[in-house]
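Structure file run.csv with CSV, C-alpha atoms:
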chain,number,residue,atom,x,y,z
F,1,MET,CA,60.9,108.6,78.7
F,2,LYS,CA,63.3,109.8,81.4
F,3,ALA,CA,65.2,113.1,80.8
F,4,GLN,CA,67.0,115.9,82.6
F,5,VAL,CA,64.8,118.9,82.0
F,6,LEU,CA,65.9,122.5,82.6
F,7,TYR,CA,62.7,124.3,83.7
F,8,GLU,CA,64.4,127.5,84.7
F,9,ILE,CA,67.8,128.8,85.7
F,10,GLY,CA,69.1,126.5,88.4
F,11,ASN,CA,66.2,124.1,88.2
F,12,LEU,CA,67.3,120.9,86.4
F,13,GLN,CA,65.1,118.0,87.2
F,14,TYR,CA,65.1,114.3,86.4
F,15,SER,CA,61.7,114.0,84.9
F,16,ASP,CA,59.2,111.8,82.9
F,17,ILE,CA,58.4,113.5,79.6
F,18,LYS,CA,56.7,112.6,76.4
F,19,MET,CA,58.7,110.7,73.7
F,20,PRO,CA,59.6,112.9,70.8
F,21,ASP,CA,57.3,112.9,67.7
F,22,ILE,CA,59.4,112.6,64.6
F,23,LYS,CA,58.8,113.9,61.1
F,24,GLU,CA,59.6,112.1,57.9
F,25,ASP,CA,63.0,113.8,57.6
F,26,GLU,CA,63.9,113.0,61.2
F,27,ALA,CA,65.2,110.1,63.2
F,28,LEU,CA,64.5,108.9,66.7
F,29,VAL,CA,67.8,108.1,68.3
F,30,LYS,CA,68.3,106.2,71.5
F,31,VAL,CA,71.1,108.0,73.3
F,32,SER,CA,74.0,105.8,74.3
F,33,ALA,CA,76.3,108.5,75.8
F,34,CYS,CA,76.3,112.3,76.2
F,35,GLY,CA,79.2,114.4,77.4
F,36,ILE,CA,78.7,117.4,79.7
F,37,CYS,CA,80.2,120.5,78.0
F,38,GLY,CA,81.7,123.4,79.9
F,39,SER,CA,79.1,125.6,78.3
F,40,ASP,CA,76.3,123.6,80.0
F,41,ILE,CA,77.4,124.9,83.4
F,42,PRO,CA,76.4,128.6,82.8
F,43,ARG,CA,73.4,127.3,80.7
F,44,VAL,CA,72.1,125.4,83.7
F,45,PHE,CA,73.1,127.6,86.6
F,46,LYS,CA,73.5,131.2,85.3
F,47,THR,CA,72.1,132.2,81.9
F,48,GLY,CA,69.5,129.5,81.1
F,49,ALA,CA,68.8,128.2,77.6
F,50,HIS,CA,67.2,130.0,74.7
F,51,ASN,CA,64.0,128.1,75.2
F,52,MET,CA,62.8,126.5,78.5
F,53,PRO,CA,61.8,124.0,79.6
F,54,LEU,CA,64.5,122.3,77.6
F,55,VAL,CA,66.6,119.1,77.6
F,56,PRO,CA,70.2,120.2,77.4
F,57,GLY,CA,73.1,118.2,76.1
F,58,HIS,CA,74.8,118.4,72.7
F,59,GLU,CA,77.8,116.0,72.8
F,60,MET,CA,76.0,112.8,72.0
F,61,ALA,CA,75.8,109.5,70.1
F,62,GLY,CA,73.3,106.8,70.0
F,63,VAL,CA,71.4,104.2,67.9
F,64,VAL,CA,68.7,105.0,65.4
F,65,GLU,CA,65.4,103.5,66.6
F,66,ARG,CA,63.0,104.9,63.9
F,67,CYS,CA,63.5,106.7,60.6
F,68,GLU,CA,60.9,106.8,57.9
F,69,SER,CA,63.0,108.4,55.2
F,70,ARG,CA,66.1,106.2,55.7
F,71,PRO,CA,65.0,102.8,57.1
F,72,ASP,CA,68.5,101.6,56.3
F,73,LEU,CA,69.7,103.6,59.3
F,74,VAL,CA,67.5,101.8,61.8
F,75,GLY,CA,69.7,99.9,64.3
F,76,LYS,CA,72.9,101.8,63.2
F,77,ARG,CA,75.0,103.7,65.6
F,78,VAL,CA,75.4,107.4,64.8
F,79,GLY,CA,77.2,110.5,65.9
F,80,ILE,CA,75.1,113.7,65.9
F,81,PHE,CA,76.0,117.2,64.6
F,82,PRO,CA,74.0,119.4,67.0
F,83,LEU,CA,73.7,122.5,64.9
F,84,ILE,CA,70.6,122.4,62.6
F,85,PRO,CA,71.1,124.9,59.8
F,86,CYS,CA,68.3,126.6,57.9
F,87,LYS,CA,70.0,125.8,54.5
F,88,LYS,CA,68.5,129.0,53.0
F,89,CYS,CA,70.7,131.9,54.3
F,90,PRO,CA,73.8,133.1,52.4
F,91,GLN,CA,76.2,131.2,54.7
F,92,CYS,CA,74.2,128.0,54.3
F,93,LEU,CA,74.1,128.4,50.5
F,94,ALA,CA,77.9,128.8,50.7
F,95,ARG,CA,78.0,125.5,52.7
F,96,ASN,CA,79.3,127.3,55.8
F,97,TYR,CA,76.6,125.6,57.7
F,98,GLU,CA,78.2,126.3,61.1
F,99,MET,CA,77.7,130.0,60.3
F,100,CYS,CA,74.0,129.7,59.6
F,101,GLU,CA,72.1,132.9,60.4
F,102,ASN,CA,68.9,131.2,61.5
F,103,TYR,CA,70.1,127.9,63.1
F,104,ASP,CA,68.5,125.6,65.6
F,105,TYR,CA,70.7,123.8,68.1
F,106,LEU,CA,70.1,120.5,70.0
F,107,GLY,CA,70.7,121.0,73.7
F,108,SER,CA,70.3,124.8,73.8
F,109,ARG,CA,67.4,125.8,71.5
F,110,SER,CA,65.8,122.3,71.0
F,111,ASP,CA,65.8,119.3,73.2
F,112,GLY,CA,69.2,117.5,73.3
F,113,GLY,CA,70.9,114.5,74.6
F,114,TYR,CA,70.3,114.4,78.4
F,115,ALA,CA,67.4,112.1,77.7
F,116,GLU,CA,66.8,108.5,76.8
F,117,TYR,CA,65.8,109.5,73.3
F,118,VAL,CA,66.4,112.5,71.0
F,119,LYS,CA,64.9,113.5,67.7
F,120,VAL,CA,67.5,114.5,65.1
F,121,PRO,CA,67.2,115.6,61.4
F,122,VAL,CA,68.5,112.8,59.3
F,123,TRP,CA,70.9,115.3,57.7
F,124,ASN,CA,72.6,115.7,61.0
F,125,LEU,CA,73.5,112.1,61.5
F,126,LEU,CA,77.0,110.5,61.0
F,127,PRO,CA,77.0,106.7,60.9
F,128,ILE,CA,79.7,105.2,63.1
F,129,PRO,CA,81.8,102.2,62.1
F,130,ASN,CA,82.2,99.2,64.3
F,131,GLU,CA,85.8,100.0,65.3
F,132,VAL,CA,84.7,103.1,67.2
F,133,GLU,CA,83.4,102.8,70.8
F,134,ASN,CA,80.2,104.7,71.9
F,135,ASP,CA,82.1,107.0,74.3
F,136,ASP,CA,84.5,108.0,71.5
F,137,ALA,CA,81.5,108.6,69.2
F,138,ALA,CA,80.0,110.9,71.9
F,139,MET,CA,83.4,112.8,71.9
F,140,LEU,CA,83.1,113.6,68.2
F,141,GLU,CA,81.5,117.0,68.8
F,142,PRO,CA,84.4,118.4,71.0
F,143,MET,CA,86.9,116.7,68.7
F,144,CYS,CA,85.5,118.5,65.7
F,145,VAL,CA,85.6,121.9,67.5
F,146,ALA,CA,89.4,121.2,68.0
F,147,VAL,CA,89.8,120.1,64.4
F,148,HIS,CA,88.0,123.2,63.1
F,149,ALA,CA,90.4,125.5,65.0
F,150,LEU,CA,93.4,123.6,63.7
F,151,ARG,CA,92.1,123.7,60.1
F,152,LEU,CA,91.5,127.4,60.2
F,153,MET,CA,95.2,127.8,61.3
F,154,ASN,CA,96.2,125.6,58.3
F,155,LEU,CA,97.8,123.1,60.5
F,156,ILE,CA,95.8,120.2,59.2
F,157,ARG,CA,93.8,119.6,56.0
F,158,VAL,CA,90.5,117.7,56.0
F,159,ASP,CA,90.8,116.6,52.4
F,160,GLY,CA,93.0,113.7,53.3
F,161,ASN,CA,96.0,114.9,51.3
F,162,THR,CA,99.5,114.7,52.8
F,163,ASP,CA,102.8,116.2,51.7
F,164,CYS,CA,104.9,113.9,53.8
F,165,ASP,CA,105.3,110.2,54.3
F,166,GLY,CA,103.1,108.6,57.0
F,167,ASP,CA,99.5,108.5,58.1
F,168,ALA,CA,99.3,112.1,59.5
F,169,VAL,CA,97.6,114.9,57.6
F,170,PHE,CA,99.4,118.3,57.7
F,171,GLY,CA,100.6,121.3,55.7
F,172,SER,CA,104.3,120.6,55.1
F,173,CYS,CA,107.3,118.9,56.6
F,174,ASP,CA,108.9,122.2,57.4
F,175,ASP,CA,105.9,123.3,59.4
F,176,ILE,CA,106.1,120.0,61.4
F,177,LYS,CA,109.7,120.5,62.2
F,178,TYR,CA,110.1,124.2,62.9
F,179,LYS,CA,106.7,125.8,63.8
F,180,ASN,CA,106.4,126.7,67.5
F,181,ILE,CA,102.9,126.2,68.8
F,182,ALA,CA,101.3,126.9,72.2
F,183,ILE,CA,98.0,125.8,73.7
F,184,CYS,CA,96.7,127.6,76.8
F,185,GLY,CA,93.8,126.1,78.6
F,186,LEU,CA,93.9,122.3,78.9
F,187,GLY,CA,90.3,121.4,79.3
F,188,THR,CA,88.7,119.0,76.9
F,189,ILE,CA,89.1,121.2,73.8
F,190,GLY,CA,92.7,122.2,74.6
F,191,LEU,CA,93.7,118.6,75.2
F,192,LEU,CA,92.0,117.5,72.0
F,193,VAL,CA,94.0,120.2,70.1
F,194,ALA,CA,97.1,118.7,71.7
F,195,LEU,CA,96.1,115.2,70.7
F,196,PHE,CA,95.5,116.2,67.0
F,197,LEU,CA,98.7,118.1,66.8
F,198,LYS,CA,100.6,115.1,68.2
F,199,ASP,CA,98.8,112.9,65.7
F,200,ALA,CA,99.8,115.2,62.8
F,201,GLY,CA,103.5,115.1,63.9
F,202,TYR,CA,104.1,118.6,65.2
F,203,GLN,CA,107.1,118.6,67.4
F,204,ASN,CA,107.5,122.0,69.0
F,205,VAL,CA,104.2,122.2,70.9
F,206,PHE,CA,104.0,123.7,74.4
F,207,CYS,CA,101.0,123.2,76.6
F,208,ILE,CA,100.1,125.7,79.4
F,209,GLY,CA,98.0,124.5,82.3
F,210,ASN,CA,97.6,124.3,86.0
F,211,LYS,CA,96.3,120.8,87.0
F,212,ASP,CA,97.9,117.5,87.7
F,213,ILE,CA,95.3,115.7,85.6
F,214,GLN,CA,96.2,117.8,82.6
F,215,ARG,CA,99.9,116.9,82.9
F,216,LYS,CA,99.0,113.2,83.2
F,217,LYS,CA,96.9,113.2,80.1
F,218,LEU,CA,99.6,115.0,78.1
F,219,LEU,CA,102.2,112.5,79.2
F,220,ASP,CA,99.9,109.7,78.2
F,221,MET,CA,99.6,111.3,74.8
F,222,GLY,CA,103.4,111.2,74.4
F,223,TYR,CA,104.3,114.7,75.3
F,224,GLU,CA,107.6,115.3,77.0
F,225,PRO,CA,107.8,117.1,80.4
F,226,GLY,CA,109.7,119.9,78.8
F,227,GLN,CA,106.6,120.6,76.6
F,228,ILE,CA,104.4,121.2,79.6
F,229,ILE,CA,104.3,124.6,81.3
F,230,ASP,CA,102.6,124.6,84.7
F,231,ILE,CA,101.6,128.1,85.7
F,232,ARG,CA,101.6,127.1,89.4
F,233,ASP,CA,105.4,126.9,89.2
F,234,VAL,CA,106.5,129.4,86.5
F,235,ASP,CA,105.4,132.5,84.6
F,236,ALA,CA,103.9,131.3,81.3
F,237,VAL,CA,105.2,134.2,79.2
F,238,ALA,CA,108.8,134.1,80.5
F,239,GLU,CA,108.9,130.3,80.3
F,240,LEU,CA,107.6,130.2,76.8
F,241,GLN,CA,110.1,132.7,75.7
F,242,LYS,CA,112.8,130.7,77.3
F,243,ARG,CA,111.7,127.4,75.7
F,244,THR,CA,111.5,128.9,72.2
F,245,GLY,CA,114.9,130.6,72.4
F,246,GLY,CA,113.3,134.0,72.8
F,247,GLN,CA,111.3,133.7,69.5
F,248,GLY,CA,107.8,133.3,70.9
F,249,VAL,CA,105.3,131.0,69.1
F,250,ASP,CA,104.1,131.1,65.6
F,251,VAL,CA,100.6,129.8,66.5
F,252,TYR,CA,98.9,130.3,69.9
F,253,PHE,CA,95.6,128.6,70.8
F,254,GLU,CA,93.8,130.5,73.6
F,255,CYS,CA,91.3,128.0,75.0
F,256,ILE,CA,90.1,129.8,78.1
F,257,GLY,CA,88.3,133.0,77.2
F,258,ARG,CA,89.6,135.5,79.8
F,259,SER,CA,91.1,138.9,79.2
F,260,ALA,CA,94.3,138.0,81.1
F,261,ASN,CA,94.8,135.0,78.9
F,262,TYR,CA,94.1,136.9,75.7
F,263,GLU,CA,96.8,139.4,76.8
F,264,GLN,CA,99.2,136.5,77.5
F,265,ALA,CA,98.6,135.1,74.0
F,266,VAL,CA,99.6,138.5,72.5
F,267,SER,CA,102.7,138.6,74.7
F,268,CYS,CA,103.8,135.1,73.7
F,269,ALA,CA,103.3,135.4,69.9
F,270,ALA,CA,106.3,135.8,67.6
F,271,PRO,CA,106.3,138.6,65.0
F,272,PHE,CA,103.7,137.8,62.3
F,273,GLY,CA,102.3,135.1,64.7
F,274,GLN,CA,98.8,133.9,64.6
F,275,ILE,CA,96.4,133.7,67.6
F,276,MET,CA,93.4,131.4,67.5
F,277,LEU,CA,90.7,132.4,70.0
F,278,VAL,CA,88.9,129.2,71.0
F,279,GLY,CA,87.6,129.7,74.6
F,280,ASN,CA,84.1,131.1,75.1
F,281,PRO,CA,84.3,134.4,77.0
F,282,SER,CA,83.4,134.2,80.7
F,283,SER,CA,82.9,138.0,80.9
F,284,ASP,CA,83.6,141.1,78.9
F,285,MET,CA,87.0,141.2,77.2
F,286,GLY,CA,89.4,144.1,77.4
F,287,LEU,CA,93.0,144.9,76.3
F,288,SER,CA,95.5,147.3,77.8
F,289,ARG,CA,97.1,149.9,75.5
F,290,GLU,CA,100.5,148.1,75.8
F,291,ILE,CA,99.0,144.8,74.5
F,292,TYR,CA,97.2,146.6,71.7
F,293,TRP,CA,100.5,148.1,70.6
F,294,LYS,CA,102.0,144.6,70.5
F,295,ILE,CA,99.3,143.5,68.1
F,296,LEU,CA,100.1,146.4,65.8
F,297,ARG,CA,103.9,146.3,66.0
F,298,ASN,CA,104.2,142.5,65.7
F,299,GLN,CA,101.6,142.5,62.9
F,300,LEU,CA,99.8,139.6,64.6
F,301,THR,CA,96.8,137.8,63.1
F,302,LEU,CA,93.8,137.2,65.5
F,303,ARG,CA,91.2,134.7,64.5
F,304,GLY,CA,88.1,133.3,66.0
F,305,THR,CA,86.6,129.9,65.6
F,306,TRP,CA,83.0,128.7,66.0
F,307,ASN,CA,81.7,125.1,66.1
F,308,SER,CA,82.7,122.8,63.2
F,309,SER,CA,82.1,122.0,59.6
F,310,PHE,CA,79.6,119.3,58.7
F,311,TYR,CA,78.2,118.7,55.2
F,312,GLY,CA,75.3,116.4,56.0
F,313,ILE,CA,74.9,112.6,56.3
F,314,ASP,CA,76.0,112.0,52.8
F,315,GLY,CA,78.7,114.7,52.8
F,316,GLU,CA,82.5,114.4,52.7
F,317,GLY,CA,85.6,116.5,53.3
F,318,ASP,CA,84.4,118.2,56.5
F,319,ASP,CA,85.7,118.3,60.1
F,320,TRP,CA,83.5,115.4,61.2
F,321,ARG,CA,84.8,113.0,58.6
F,322,TYR,CA,88.4,114.0,59.4
F,323,ALA,CA,87.8,113.3,63.1
F,324,LEU,CA,86.0,110.0,62.4
F,325,ASP,CA,88.7,108.9,60.1
F,326,ARG,CA,91.4,109.5,62.7
F,327,LEU,CA,89.2,107.7,65.3
F,328,VAL,CA,89.1,104.7,63.1
F,329,VAL,CA,92.9,104.7,62.6
F,330,TRP,CA,93.6,105.2,66.3
F,331,SER,CA,91.0,102.5,67.4
F,332,LYS,CA,92.6,100.0,65.0
F,333,LEU,CA,96.1,100.8,66.4
F,334,ARG,CA,94.8,100.4,69.9
F,335,ALA,CA,93.3,97.1,69.1
F,336,GLU,CA,96.6,95.9,67.7
F,337,GLY,CA,98.1,96.7,71.2
F,338,LYS,CA,99.8,100.0,70.3
F,339,SER,CA,100.1,102.5,73.1
F,340,ILE,CA,97.9,105.3,71.7
F,341,MET,CA,95.5,107.6,73.4
F,342,LEU,CA,91.8,107.6,72.4
F,343,PRO,CA,89.5,110.5,73.1
F,344,HIS,CA,87.5,108.5,75.7
F,345,ASP,CA,90.7,108.3,77.7
F,346,LEU,CA,90.0,112.0,78.6
F,347,ILE,CA,86.9,110.9,80.5
F,348,THR,CA,87.6,111.2,84.2
F,349,HIS,CA,84.0,110.9,85.5
F,350,ARG,CA,80.9,108.9,84.5
F,351,PHE,CA,77.4,109.2,85.8
F,352,SER,CA,74.0,107.8,85.0
F,353,LEU,CA,71.4,110.1,83.6
F,354,LYS,CA,69.6,110.1,86.9
F,355,ASP,CA,72.8,111.1,88.8
F,356,MET,CA,74.3,113.5,86.3
F,357,ASN,CA,73.7,116.4,88.7
F,358,LEU,CA,76.7,115.0,90.6
F,359,GLY,CA,78.9,115.6,87.5
F,360,LEU,CA,77.4,119.1,87.0
F,361,ASP,CA,78.3,120.0,90.6
F,362,ILE,CA,81.9,118.8,90.2
F,363,MET,CA,82.3,121.0,87.2
F,364,ARG,CA,80.5,124.0,88.8
F,365,THR,CA,82.3,123.9,92.1
F,366,LYS,CA,85.6,122.4,90.8
F,367,SER,CA,85.6,120.2,93.8
F,368,GLU,CA,87.7,117.6,92.0
F,369,GLU,CA,90.1,117.7,89.1
F,370,TYR,CA,88.3,116.5,85.9
F,371,VAL,CA,88.6,116.6,82.1
F,372,LYS,CA,85.5,115.1,80.5
F,373,VAL,CA,82.4,114.2,82.5
F,374,MET,CA,80.3,111.6,80.6
F,375,VAL,CA,76.7,110.7,81.0
F,376,GLY,CA,76.1,107.0,80.2
F,377,PHE,CA,72.9,105.1,79.4
F,378,SER,CA,72.5,101.4,80.3

Re-express the file's structure as C-alpha cells.
Amino acid sequence: MKAQVLYEIGNLQYSDIKMPDIKEDEALVKVSACGICGSDIPRVFKTGAHNMPLVPGHEMAGVVERCESRPDLVGKRVGIFPLIPCKKCPQCLARNYEMCENYDYLGSRSDGGYAEYVKVPVWNLLPIPNEVENDDAAMLEPMCVAVHALRLMNLIRVDGNTDCDGDAVFGSCDDIKYKNIAICGLGTIGLLVALFLKDAGYQNVFCIGNKDIQRKKLLDMGYEPGQIIDIRDVDAVAELQKRTGGQGVDVYFECIGRSANYEQAVSCAAPFGQIMLVGNPSSDMGLSREIYWKILRNQLTLRGTWNSSFYGIDGEGDDWRYALDRLVVWSKLRAEGKSIMLPHDLITHRFSLKDMNLGLDIMRTKSEEYVKVMVGFS
C-alpha cells in the first residue's frame, strides 16, 4: 500500500509498504480522510516520533475492510480513537483510559492514518451513522479534545441531561446567561471550543486571535464582532477587561501553550476564575513573580486537559458519543437548510496522500492562513 513514512526527523517519504497484518481483535480500516494535527509538525520536522520508521496521522476515519471478531463491521464507516490503552493499569481500571500509564498511540507510537490502510483494535472503533460526512468523522478526534476540556470545566455534560429547554446540553441557565468565558488561540481546537460553546448556548464568550480566517470562521458560527478580540489591533488584557465591565472572565481556555499566553490568562481571570490549559507547550514554561501572586491572591484554579474520554466500541456516555451525537444533530439541521456550521467547514486546505507534504509545509512555514488541513483518499 501507499503511505507517508517518517524514516527519521525531517525525512517523510511517500512510500510503498507492506499492508498491515491484523490480529483477531483488530480491524483493517481503509482510510477515507485524515487531518494534519499541529502536533504533527514538530513530530515530523523537529522531535521525531517515539518509534521510527512510522506512519504518522491520528485524526482519521475510514471503512472497515476486514474484521474477524466483528464481521458485522465490515463495510461500515468508523471513527477511530487513536489512544490504545493497556486496560490493566490503575487509571484504565478506573476507566480513565486517556490517562493510561502504558498506552500505545496510532500515529506517534504505532502506524497511523497517513496511509491507505491502518490496523486498529476493534475496541477503538466508533461506527458512524449515515448522516455524518467522512470529513466530519475525521474531525472527531480534535472535536473530542475540545469536548473534554469543556467537560472538565463543567460547561457541558456528556450524559445527555439538560437543565434548560432546547437541544443544548449544559450546566444551568444561569451559567449560560452570566458566565464570562474567553478562548485564546483560535486554531482548530480553539475554534471547536467556540463551536461547542455556541451550540450549548453560552452568550458571553470572547475569542482572542490574530488572523482574518479565524474571524471569518467565528462570524460563520454566529459570533458577533464584539465577541472577537484581534490582538493585532488591541491589547487583549485591557480589551477583555473593558468588554467584561472590569470583571474579567470566569473561565479562560488557553489554547496556545506559550508562557506569555499563560500569563495573559492569569491576568484576564476574575477572582475565583478557572483557567483551562489546552495548548501543548512549544518550549519551557515560566511565570513572573507578579503573575504568580495573582494566582494566589485571586484564588484561581488552573487545570490541564489531555486527550479525550472513550469507553470502547460498545461504550456510552463519553466525549466521543457526545461529539458524534451533536454531529448528527448539526448534520440533520444542515440538511434541512438551516445555516449552521459543521466541523468540516473549518477545513481550509485539502491534499492527496501523495501531495500532503504541501500541507505540512504550509503549516510549518505559515505561508498561508489555514485552520484545518485535511488529507483525502480517492

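Restricting the calculation to all atoms listed in the file, the smallest distance between Asn180 (chain F) and any of F:Asp220, F:Glu116, F:Asp40, F:Asp250 is found for F:Asp250.
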
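Nearest-residue note for Val193 (chain F): choosing from F:Val234, F:Leu150, F:Leu327, F:Ala61, the minimum distance belongs to F:Leu150, counting all atoms listed in the file.
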
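In this comparison, which uses only C-alpha atoms, the residue of F:Val205, F:Met341, F:Leu287, F:Leu140 approaching Ser259 (chain F) most closely is F:Leu287.
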
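Taking CA of Leu342 (chain F) as the reference point, CA of Lys372 (chain F) is found at 12.7 Å.
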
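Take CA of Arg151 (chain F) and CA of Glu133 (chain F): the distance between them is 25.0 Å.
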
Test item: which residues lie within 12 Å of (76.6, 123.8, 79.1) counting only C-alpha atoms, as number ranges by chain: F: 6, 34-49, 55-59, 106-108, 112-114, 280, 359-360, 363-364, 373

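Of the residues listed (F:Ala323, F:Leu333, F:Cys268, F:Ala149), F:Ala149 shows the shortest atom-to-atom separation from Gly304 (chain F); distances use all atoms listed in the file.
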
Interatomic distance, CA of Val266 (chain F) to CA of Asn204 (chain F) (Å, one decimal): 18.6 Å

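Proximity to Asp104 (chain F) was assessed for F:Met285, F:Leu277, F:Leu83, F:Ala194 counting all atoms listed in the file; the smallest distance is recorded for F:Leu83.
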
Spatial neighbours of Asp233 (chain F), max dist 12 Å, all atoms listed in the file, sep filter under 5 positions, as a PyMOL selection string: chain F and resi 208-211+228+238-239

Store the residues picked out above, limited to C-alpha atoms, as a compact mmCIF listing (two decimals), in the coordinates of the input.
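Writing done, so here's part-v6.txt:
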# COMPACT_ATOMS: atom_id res chain seq x y z
CA ILE F 208 100.10 125.70 79.40
CA GLY F 209 98.00 124.50 82.30
CA ASN F 210 97.60 124.30 86.00
CA LYS F 211 96.30 120.80 87.00
CA ILE F 228 104.40 121.20 79.60
CA ALA F 238 108.80 134.10 80.50
CA GLU F 239 108.90 130.30 80.30

Residues near Ile229 (chain F), cut-off 12 Å, all atoms listed in the file, skip fewer than 4 positions along chain, as a compact mmCIF listing (two decimals) with C-alpha atoms, keeping the file's coordinate frame:
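Saved to part07.txt:
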# COMPACT_ATOMS: atom_id res chain seq x y z
CA ALA F 182 101.30 126.90 72.20
CA ILE F 183 98.00 125.80 73.70
CA CYS F 184 96.70 127.60 76.80
CA GLY F 185 93.80 126.10 78.60
CA LEU F 186 93.90 122.30 78.90
CA VAL F 205 104.20 122.20 70.90
CA PHE F 206 104.00 123.70 74.40
CA CYS F 207 101.00 123.20 76.60
CA ILE F 208 100.10 125.70 79.40
CA GLY F 209 98.00 124.50 82.30
CA ASN F 210 97.60 124.30 86.00
CA LYS F 211 96.30 120.80 87.00
CA ASP F 212 97.90 117.50 87.70
CA GLN F 214 96.20 117.80 82.60
CA ARG F 215 99.90 116.90 82.90
CA LEU F 218 99.60 115.00 78.10
CA TYR F 223 104.30 114.70 75.30
CA GLU F 224 107.60 115.30 77.00
CA PRO F 225 107.80 117.10 80.40
CA ASP F 233 105.40 126.90 89.20
CA VAL F 234 106.50 129.40 86.50
CA ASP F 235 105.40 132.50 84.60
CA ALA F 236 103.90 131.30 81.30
CA VAL F 237 105.20 134.20 79.20
CA ALA F 238 108.80 134.10 80.50
CA GLU F 239 108.90 130.30 80.30
CA LEU F 240 107.60 130.20 76.80
CA GLN F 241 110.10 132.70 75.70
CA LYS F 242 112.80 130.70 77.30
CA ARG F 243 111.70 127.40 75.70

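Among the candidates F:Leu302, F:Val249, F:Leu54, F:Met221, the one nearest to Tyr262 (chain F) when counting all atoms listed in the file is F:Leu302.
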
Contact residues around Glu68 (chain F) with all atoms listed in the file at 10 Å, ignoring same-chain residues under 6 positions, as a list in words: Ile22, Lys23, Glu24, Asp25, Glu26, Ala27, Leu28, Val74 and Val122 of chain F

Dump as a PDB file, in the frame of the given file, selection limited to C-alpha atoms:
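And here's part-v5.pdb as it stands now:
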ATOM      1  CA  ILE F  22      59.400 112.600  64.600  1.00  0.00           C
ATOM      2  CA  LYS F  23      58.800 113.900  61.100  1.00  0.00           C
ATOM      3  CA  GLU F  24      59.600 112.100  57.900  1.00  0.00           C
ATOM      4  CA  ASP F  25      63.000 113.800  57.600  1.00  0.00           C
ATOM      5  CA  GLU F  26      63.900 113.000  61.200  1.00  0.00           C
ATOM      6  CA  ALA F  27      65.200 110.100  63.200  1.00  0.00           C
ATOM      7  CA  LEU F  28      64.500 108.900  66.700  1.00  0.00           C
ATOM      8  CA  VAL F  74      67.500 101.800  61.800  1.00  0.00           C
ATOM      9  CA  VAL F 122      68.500 112.800  59.300  1.00  0.00           C
TER      10      VAL F 122
END

9 Å contact set for Thr305 (chain F), all atoms listed in the file, chain neighbours under 4 positions out, as a PyMOL selection string: chain F and resi 145+148-149+152+276-278

Store the residues of this selection in a file with C-alpha atoms, as a PDB file, in the frame of the given file.
ATOM      1  CA  VAL F 145      85.600 121.900  67.500  1.00  0.00           C
ATOM      2  CA  HIS F 148      88.000 123.200  63.100  1.00  0.00           C
ATOM      3  CA  ALA F 149      90.400 125.500  65.000  1.00  0.00           C
ATOM      4  CA  LEU F 152      91.500 127.400  60.200  1.00  0.00           C
ATOM      5  CA  MET F 276      93.400 131.400  67.500  1.00  0.00           C
ATOM      6  CA  LEU F 277      90.700 132.400  70.000  1.00  0.00           C
ATOM      7  CA  VAL F 278      88.900 129.200  71.000  1.00  0.00           C
TER       8      VAL F 278
END

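For Gly273 (chain F), the residues within 8 Å (counting only C-alpha atoms, excluding itself and residues fewer than 6 positions away along the chain) are Val249, Asp250, Val251, Tyr252, Asn298, Gln299, Leu300 and Thr301 of chain F.
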